[in-house]
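Text of protein-v4.cif (mmCIF, C-alpha atoms) as supplied:
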data_final
#
loop_
_atom_site.label_atom_id
_atom_site.label_comp_id
_atom_site.auth_asym_id
_atom_site.auth_seq_id
_atom_site.Cartn_x
_atom_site.Cartn_y
_atom_site.Cartn_z
CA MET I 1314 120.62 -29.47 147.54
CA ALA I 1315 121.10 -31.60 144.46
CA PRO I 1316 118.25 -33.83 143.33
CA PRO I 1317 118.66 -37.52 144.13
CA THR I 1318 120.46 -39.60 141.57
CA PRO I 1319 118.72 -42.45 139.74
CA LEU I 1320 120.84 -44.83 141.83
CA ALA I 1321 119.63 -43.26 145.09
CA ILE I 1322 116.01 -43.36 143.87
CA ALA I 1323 116.28 -47.03 142.89
CA THR I 1324 117.91 -47.84 146.25
CA SER I 1325 115.17 -46.09 148.23
CA SER I 1326 112.48 -47.75 146.14
CA LEU I 1327 113.80 -51.24 146.81
CA GLN I 1328 114.25 -50.48 150.52
CA ARG I 1329 110.64 -49.29 150.76
CA LEU I 1330 109.27 -52.37 149.00
CA VAL I 1331 111.24 -54.75 151.24
CA LYS I 1332 110.00 -52.92 154.35
CA GLU I 1333 106.45 -53.13 152.99
CA GLU I 1334 106.78 -56.90 152.51
CA ILE I 1335 108.12 -57.33 156.05
CA SER I 1336 105.23 -55.27 157.39
CA TYR I 1337 102.65 -57.40 155.54
CA GLU I 1338 104.32 -60.59 156.80
CA LYS I 1339 104.05 -59.34 160.40
CA GLU I 1340 100.43 -58.36 159.83
CA LEU I 1341 99.63 -61.80 158.40
CA LYS I 1342 101.25 -63.58 161.35
CA GLY I 1343 99.29 -61.42 163.78
CA GLN I 1344 95.99 -62.06 162.00
CA GLU I 1345 96.61 -65.80 161.90
CA ALA I 1346 97.56 -65.84 165.59
CA ARG I 1347 94.35 -64.00 166.57
CA LEU I 1348 92.24 -66.40 164.52
CA GLU I 1349 93.96 -69.44 166.04
CA LYS I 1350 93.49 -68.01 169.54
CA ILE I 1351 89.76 -67.57 169.02
CA ILE I 1352 89.38 -71.08 167.60
CA ALA I 1353 91.55 -72.63 170.35
CA THR I 1354 89.63 -70.82 173.09
CA LYS I 1355 86.38 -72.05 171.61
CA ASP I 1356 87.61 -75.66 171.57
CA GLN I 1357 89.13 -75.64 175.07
CA ASP I 1358 86.36 -74.30 177.27
CA GLU I 1359 82.82 -75.63 176.98
CA ASN I 1360 81.36 -72.75 179.06
CA ALA I 1361 83.16 -70.14 177.02
CA GLU I 1362 81.87 -71.70 173.84
CA TYR I 1363 78.46 -70.13 174.27
CA GLN I 1364 79.95 -66.69 174.88
CA LEU I 1365 82.43 -66.99 172.06
CA LYS I 1366 80.06 -68.62 169.62
CA GLN I 1367 78.62 -65.34 168.40
CA GLU I 1368 81.99 -63.63 168.44
CA VAL I 1369 83.61 -66.47 166.51
CA GLN I 1370 80.80 -66.50 163.98
CA LYS I 1371 81.18 -62.76 163.43
CA LEU I 1372 84.95 -62.45 163.62
CA THR I 1373 86.13 -65.62 161.97
CA PRO I 1374 84.80 -64.86 158.46
CA ILE I 1375 86.06 -61.30 158.71
CA GLN I 1376 89.45 -62.39 159.96
CA ARG I 1377 89.70 -65.11 157.35
CA ALA I 1378 88.88 -62.55 154.69
CA ALA I 1379 91.52 -60.21 156.11
CA ILE I 1380 94.08 -63.01 156.08
CA GLN I 1381 93.23 -63.85 152.47
CA GLU I 1382 93.44 -60.19 151.45
CA THR I 1383 96.86 -59.94 153.06
CA LYS I 1384 98.01 -63.12 151.30
CA ASN I 1385 96.79 -61.68 147.99
CA VAL I 1386 99.14 -58.72 148.43
CA PHE I 1387 102.28 -60.88 148.27
CA PRO I 1388 102.44 -62.02 144.61
CA PRO I 1389 102.26 -58.53 143.06
CA LEU I 1390 104.47 -57.10 145.81
CA ARG I 1391 107.12 -59.75 145.22
CA GLU I 1392 106.95 -59.04 141.49
CA ARG I 1393 107.52 -55.33 142.17
CA ILE I 1394 110.46 -56.21 144.44
CA LYS I 1395 111.93 -58.41 141.72
CA ASP I 1396 111.60 -55.56 139.18
CA ALA I 1397 113.06 -53.00 141.59
CA LEU I 1398 115.93 -55.35 142.39
CA GLN I 1399 116.74 -55.74 138.71
CA ARG I 1400 116.52 -51.96 138.17
CA LEU I 1401 118.85 -51.33 141.10
CA GLN I 1402 121.35 -53.90 139.89
CA ASP I 1403 121.33 -52.20 136.49
CA GLN I 1404 121.80 -48.81 138.15
CA VAL I 1405 124.75 -50.14 140.16
CA GLU I 1406 126.39 -51.46 137.00
CA ASP I 1407 125.83 -48.10 135.28
CA GLY I 1408 127.10 -46.24 138.32
CA GLU I 1409 130.25 -48.32 138.55
CA SER I 1410 131.04 -47.77 134.88
CA ASN I 1411 130.20 -44.04 135.02
CA GLY I 1412 132.06 -43.26 138.24
CA ALA I 1413 129.06 -42.68 140.55
CA ASP I 1414 129.49 -41.80 144.21
CA GLU I 1415 131.10 -44.75 145.98
CA ALA I 1416 128.89 -44.32 149.07
CA GLU I 1417 125.74 -44.62 146.95
CA ILE I 1418 127.07 -47.74 145.23
CA THR I 1419 127.97 -49.31 148.58
CA LYS I 1420 124.53 -48.54 150.03
CA ALA I 1421 122.85 -49.92 146.90
CA LYS I 1422 124.83 -53.15 147.16
CA GLU I 1423 123.85 -53.50 150.83
CA VAL I 1424 120.19 -52.99 149.94
CA ILE I 1425 120.49 -55.58 147.15
CA GLU I 1426 121.90 -58.12 149.60
CA SER I 1427 119.22 -57.40 152.21
CA ALA I 1428 116.50 -57.75 149.55
CA LYS I 1429 117.94 -61.10 148.45
CA GLU I 1430 118.06 -62.30 152.07
CA ALA I 1431 114.47 -61.20 152.65
CA SER I 1432 113.30 -63.07 149.55
CA ARG I 1433 114.93 -66.28 150.77
CA SER I 1434 113.12 -66.23 154.10
#
Translate this file's structure into structure tokens.
Amino acid sequence: MAPPTPLAIATSSLQRLVKEEISYEKELKGQEARLEKIIATKDQDENAEYQLKQEVQKLTPIQRAAIQETKNVFPPLRERIKDALQRLQDQVEDGESNGADEAEITKAKEVIESAKEASRS
């Protein structure tokens, strides 16, 4: 089997980074939802407040730290996505001018579009 082409490597790299960003976004939403649930439960039920007080005091700082750590991942990740996107666009241009496999070029263009869509949302 032939080694992957630079175009295929750049395509896979961008795909992986976009999936990673989506995964972190889901994780962040889940962490924020759990934190909100604990805080809302504490505020709604006076009797549960005593039981949740210790749990909230223990979990809330930890969860807030986890949320902040997840948020801190985004700026460097988005920078890596931007760089990978540029590299892939350059590889597509090189591939088109050098007669690269049409299937690889098509896949690369699809990945470029999906990465652009993901960055808009």
Separation of atom CA of Leu1330 of chain I from atom CA of Glu1430 of chain I, in Å and rounded to one decimal |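 These atoms are spaced 13.6 Å apart.
Nearest residue to Glu1338 of chain I, choosing from I:Leu1390, I:Lys1350, I:Asp1414, I:Pro1374 and counting all atoms listed in the file: I:Leu1390.
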>> On this structure, the PyMOL selection byres ((chain I and resi 1319) around 12) would catch which residues? List them as a PyMOL selection string, sorted by chain and number.
In response: chain I and resi 1316-1318+1320-1326+1400-1405+1407-1408+1413-1414+1417-1418+1421
Practice item. To one decimal in Å, tell me the separation between atom CA of Phe1387 of chain I and atom CA of Glu1334 of chain I. Key: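 A separation of 7.4 Å between them.
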Quick one: which residues end up in the PyMOL selection byres ((chain I and resi 1332) around 12) for this structure, as a PyMOL selection string? chain I and resi 1325-1331+1333-1339+1390-1391+1394+1424+1427-1428+1431-1432
Residues at most 12 Å from Ile1380 of chain I, counting all atoms listed in the file, excluding those fewer than 5 positions away in the same chain, as a compact mmCIF listing (two decimals) with C-alpha atoms, keeping the file's coordinate frame?
# COMPACT_ATOMS: atom_id res chain seq x y z
CA TYR I 1337 102.65 -57.40 155.54
CA GLU I 1338 104.32 -60.59 156.80
CA LYS I 1339 104.05 -59.34 160.40
CA GLU I 1340 100.43 -58.36 159.83
CA LEU I 1341 99.63 -61.80 158.40
CA LYS I 1342 101.25 -63.58 161.35
CA GLY I 1343 99.29 -61.42 163.78
CA GLN I 1344 95.99 -62.06 162.00
CA GLU I 1345 96.61 -65.80 161.90
CA ALA I 1346 97.56 -65.84 165.59
CA ARG I 1347 94.35 -64.00 166.57
CA LEU I 1348 92.24 -66.40 164.52
CA GLU I 1349 93.96 -69.44 166.04
CA LEU I 1372 84.95 -62.45 163.62
CA THR I 1373 86.13 -65.62 161.97
CA PRO I 1374 84.80 -64.86 158.46
CA ILE I 1375 86.06 -61.30 158.71
CA ASN I 1385 96.79 -61.68 147.99
CA VAL I 1386 99.14 -58.72 148.43
CA PHE I 1387 102.28 -60.88 148.27
Query - Shortest interatomic distance to Ala1397 of chain I - which of I:Met1314, I:Ala1353, I:Lys1429, I:Glu1382, counting only C-alpha atoms - result: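 Under the stated criterion, the closest residue is I:Lys1429.
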A straight line from atom CA of Lys1420 of chain I to atom CA of Glu1406 of chain I spans 13.5 Å
